[in-house]
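Read through the structure below, which is laid out as structure tokens, and then see the notes.
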Amino acid sequence: MSEPVPYLDLKAQLKPLRAEIDAAIARTLDNCSFCLGPDVAQFEKDFAAFCGAQHALGFNSGTSALHVAMLLLGVGPGDEVITTPYTFIATSWAISYCGAKPVYVDIDETTFNLNPALIEKAITPRTKAVLPVHLYGQPFDVDAVAAICKKHHLPFVEDAAQAHGAKYKGKSIGTFGAVSCFSFYPAKNLGACGEGGALVTNDAKLAARAKSLREHGSTVRYHHDEVGYNYRLEGIQGAVLGVKLKHLAHWTRERQRVAARYAELLADTPLQLPTVTAGNESAWHLYTVRSPRRDELKKFLDENKIGNAVHYPMPLHLQKVYANLGYKPGDFPVAEKASREVLSLPMFPELTDAQIQRVVDVVKDFFRR
């Protein structure tokens, strides 16, 4: 019987780095620098350089970073923030945490990203910001979003939780919006050994306030300027991320190799394959295909021990938690159709050609039947 192919293999990534990570953690333990500290500070400096930004601040999660990003832009009760209904719910949480209202617009059929052509229709006097997502590692149309935001004097925030290493017209994503936010959840392209996130900006004033907000609204210990939060990145996670960041560019190239191989081998199947917008580079956090027969295909892959996942089975406007927003089925048909058709195939840098071939063989066997 053929070997199973995992959807994600974190052990394969960790094994060759184990000695270096162990040493980095031991250094943190020896220094007793458990909350922020020198390892976090060094990682922040290195990650800012990786993004081509002036400032990067470590957070305890990407969700926390997004929340603070909204606060930095003055989002509060009664405000509206335009965003996508098709992503992980943390994007909308950041808006809700501020007492504001997520206002959804539909996505692009090809990229899964927020459709810029629909943004202006959603703008009202209460609109405070726009929050698009670089979904699955594919950059959204930054120029189109930026032009609309400039016209209406609105800031935008990049949710880059899935897009470490992606590039838009040759420039690393993370520096286009007023603020950009990343997640270091273990399954991400740059993952911690636990939770973590970052807020990136070129604005020194925003960076200074974000630094205060993540540490109880304080710049001087025991003196608090505003309501703050305990959103600090742990020292051990800073140490781990510092080691792994050195390998991120290589891992991104390997993800691109896997995606290119899938594209070649699956080209003659009925699947709708993901594509990269001309001039951009996807970080390929996920390799997500589409099929009207998604559920049948998923069952067949499961039976043949091929790892897979659905991102995402229910768009946010139909979630129970947001029933109060008044959206109904049919409001965002492109997102709803995607939720019925998408399926993510195994995608990680260590995926071998033999494993890729095994995935492809099973997919083709399904369609032959």
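Labeling convention for the structure tokens: chains A, B, ... as they appear, residues from 1 per chain, ligands from 1 in order of appearance.
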
Inset, instruction - Considering only C-alpha atoms, return as an MDAnalysis selection string whatever protein or nucleic-acid residues lie within 7 Å of A:His285, sequence-local ones (same chain, fewer than 6 positions apart) excluded. - result: chainID A and resid 136:137 162:163 188:189

Inset, instruction - Find the spatial neighbours of A:Lys171, counting only C-alpha atoms, within a cut-off of 10 Å - ignore same-chain residues fewer than 5 positions away - and output them as a list in words. - result: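 My list of contacting residues is Cys51, Gly52, Gly165, Ala166, Phe176, Asn280 and Glu281 of chain A.
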
Inset, instruction - Go through stretch 1-161 of chain A and collect every residue that DSSP, computed from the backbone, puts in alpha helix (DSSP H); the answer should be as number ranges by chain. - result: A: 10-14, 18-31, 38-51, 62-72, 90-97, 119-122, 142-151

Inset, instruction - Would you please work out which residue, of A:Val243, A:Val321, A:Ile236, A:Ile306, is nearest to A:Phe34 when using only C-alpha atoms? - result: A:Ile236

Might you pull out every residue within 12 Å of A:Thr91, with only C-alpha atoms counted and same-chain residues fewer than 3 positions away left off, and present them as a PDB file with C-alpha atoms, in the first residue's frame?
```pdb
ATOM      1  CA  GLY A  62      -1.730  37.682  14.832  1.00  0.00           C
ATOM      2  CA  THR A  63      -5.222  38.334  16.210  1.00  0.00           C
ATOM      3  CA  SER A  64      -3.807  40.630  18.886  1.00  0.00           C
ATOM      4  CA  ALA A  65      -1.735  42.475  16.289  1.00  0.00           C
ATOM      5  CA  LEU A  66      -4.851  43.039  14.156  1.00  0.00           C
ATOM      6  CA  HIS A  67      -6.779  44.312  17.177  1.00  0.00           C
ATOM      7  CA  VAL A  68      -4.073  46.860  17.976  1.00  0.00           C
ATOM      8  CA  ALA A  69      -3.897  47.840  14.289  1.00  0.00           C
ATOM      9  CA  MET A  70      -7.563  48.800  14.440  1.00  0.00           C
ATOM     10  CA  VAL A  81     -14.459  48.613   8.580  1.00  0.00           C
ATOM     11  CA  ILE A  82     -14.721  47.099   5.114  1.00  0.00           C
ATOM     12  CA  THR A  83     -13.287  43.606   4.861  1.00  0.00           C
ATOM     13  CA  THR A  84     -13.732  40.183   3.286  1.00  0.00           C
ATOM     14  CA  PRO A  85     -16.270  37.537   4.309  1.00  0.00           C
ATOM     15  CA  TYR A  86     -13.947  34.807   3.101  1.00  0.00           C
ATOM     16  CA  THR A  87     -11.016  34.319   5.470  1.00  0.00           C
ATOM     17  CA  PHE A  88     -10.279  33.116   8.999  1.00  0.00           C
ATOM     18  CA  ALA A  94     -10.187  42.680  15.328  1.00  0.00           C
ATOM     19  CA  ILE A  95     -13.018  44.942  14.175  1.00  0.00           C
ATOM     20  CA  SER A  96     -15.535  43.554  16.646  1.00  0.00           C
ATOM     21  CA  TYR A  97     -13.123  43.876  19.589  1.00  0.00           C
ATOM     22  CA  LYS A 101     -18.976  46.693  12.564  1.00  0.00           C
ATOM     23  CA  PRO A 102     -17.417  44.462   9.889  1.00  0.00           C
ATOM     24  CA  VAL A 103     -18.837  45.445   6.513  1.00  0.00           C
ATOM     25  CA  TYR A 104     -18.288  42.722   3.949  1.00  0.00           C
ATOM     26  CA  VAL A 130     -10.380  48.915   4.881  1.00  0.00           C
ATOM     27  CA  LEU A 131      -8.956  45.545   5.953  1.00  0.00           C
ATOM     28  CA  PRO A 132      -8.137  43.186   3.046  1.00  0.00           C
ATOM     29  CA  VAL A 133      -6.367  39.835   3.395  1.00  0.00           C
ATOM     30  CA  HIS A 134      -3.537  38.350   1.326  1.00  0.00           C
ATOM     31  CA  LEU A 135      -5.415  35.049   1.364  1.00  0.00           C
ATOM     32  CA  VAL A 157      -4.372  47.511   6.927  1.00  0.00           C
ATOM     33  CA  GLU A 158      -2.786  44.454   5.332  1.00  0.00           C
ATOM     34  CA  ASP A 159      -3.813  41.187   6.963  1.00  0.00           C
ATOM     35  CA  ALA A 160      -0.694  39.284   5.977  1.00  0.00           C
ATOM     36  CA  ALA A 161      -1.216  36.371   8.366  1.00  0.00           C
ATOM     37  CA  GLN A 162      -0.772  33.866   5.524  1.00  0.00           C
ATOM     38  CA  CYS A 181      -0.133  42.210  10.585  1.00  0.00           C
ATOM     39  CA  PHE A 182       1.380  38.733  10.520  1.00  0.00           C
ATOM     40  CA  SER A 183       0.615  35.516  12.358  1.00  0.00           C
ATOM     41  CA  LEU A 316     -18.130  34.890   7.828  1.00  0.00           C
TER      42      LEU A 316
END
```

Legend entry - Which of A:Lys169, A:Lys337, A:His223, A:Arg368 sits closest to A:Val276 [using only C-alpha atoms]: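 Counting only C-alpha atoms, the residue closest to A:Val276 is A:Lys169.
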
Legend entry - Picked from stretch 95-299 of chain A by DSSP as strand (DSSP E), as a ChimeraX atom specification: /A:101-104,127-131,157-159,167-168,171-172,179-183,197-201,218-220,223-224,280-281,287-290

Keeping only C-alpha atoms, write those residues as a JSON list (two decimals), in the first residue's frame.
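part30.json, written as the output of this step:
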```
[["chain", "number", "residue", "atom", "x", "y", "z"],
["A", 101, "LYS", "CA", -18.98, 46.69, 12.56],
["A", 102, "PRO", "CA", -17.42, 44.46, 9.89],
["A", 103, "VAL", "CA", -18.84, 45.44, 6.51],
["A", 104, "TYR", "CA", -18.29, 42.72, 3.95],
["A", 127, "THR", "CA", -16.35, 53.81, 7.30],
["A", 128, "LYS", "CA", -13.10, 54.13, 9.21],
["A", 129, "ALA", "CA", -10.74, 51.77, 7.37],
["A", 130, "VAL", "CA", -10.38, 48.92, 4.88],
["A", 131, "LEU", "CA", -8.96, 45.55, 5.95],
["A", 157, "VAL", "CA", -4.37, 47.51, 6.93],
["A", 158, "GLU", "CA", -2.79, 44.45, 5.33],
["A", 159, "ASP", "CA", -3.81, 41.19, 6.96],
["A", 167, "LYS", "CA", 5.70, 39.92, -3.13],
["A", 168, "TYR", "CA", 3.55, 42.48, -4.91],
["A", 171, "LYS", "CA", 8.17, 44.37, -3.26],
["A", 172, "SER", "CA", 7.62, 42.33, -0.11],
["A", 179, "VAL", "CA", -0.03, 48.88, 9.27],
["A", 180, "SER", "CA", 0.46, 45.22, 8.35],
["A", 181, "CYS", "CA", -0.13, 42.21, 10.58],
["A", 182, "PHE", "CA", 1.38, 38.73, 10.52],
["A", 183, "SER", "CA", 0.62, 35.52, 12.36],
["A", 197, "GLY", "CA", 2.29, 37.53, 15.69],
["A", 198, "ALA", "CA", 3.74, 40.82, 14.52],
["A", 199, "LEU", "CA", 2.66, 44.32, 13.64],
["A", 200, "VAL", "CA", 4.74, 46.02, 10.95],
["A", 201, "THR", "CA", 4.72, 49.70, 10.02],
["A", 218, "SER", "CA", 2.55, 51.73, 29.42],
["A", 219, "THR", "CA", 5.82, 53.27, 28.28],
["A", 220, "VAL", "CA", 7.16, 53.71, 31.84],
["A", 223, "HIS", "CA", 2.52, 54.42, 34.59],
["A", 224, "HIS", "CA", -0.40, 53.85, 32.19],
["A", 280, "ASN", "CA", 3.32, 38.99, -8.12],
["A", 281, "GLU", "CA", 4.77, 36.13, -6.09],
["A", 287, "TYR", "CA", -2.47, 25.21, -2.44],
["A", 288, "THR", "CA", -6.24, 25.45, -2.79],
["A", 289, "VAL", "CA", -8.07, 23.92, -5.74],
["A", 290, "ARG", "CA", -11.77, 24.08, -6.62]]
```

Legend entry - Atomic distance atom CA of A:Leu118 - atom CA of A:Ile148, expressed in Å with one decimal: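 We find that atom CA of A:Leu118 and atom CA of A:Ile148 lie 10.3 Å from each other.
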
Legend entry - Nearest to A:Thr28, chosen from A:Glu234, A:Asp141, A:Asp295, A:Asp365, with only C-alpha atoms counted in the distances: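 Going through A:Glu234, A:Asp141, A:Asp295, A:Asp365 one by one, the smallest distance to A:Thr28 is for A:Glu234.
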
Inset, instruction - Compare A:Pro38, A:Pro329, A:Gly78, A:Gly174 by their minimum atom-to-atom distance to A:Phe140, counting only C-alpha atoms, and give me the closest one. - result: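 With only C-alpha atoms as the atom set, the closest residue is A:Gly174.
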
Legend entry - For A:Leu14, the nearest of the candidates A:Lys205, A:Arg232, A:His247, A:Lys45, counting only C-alpha atoms: A:His247
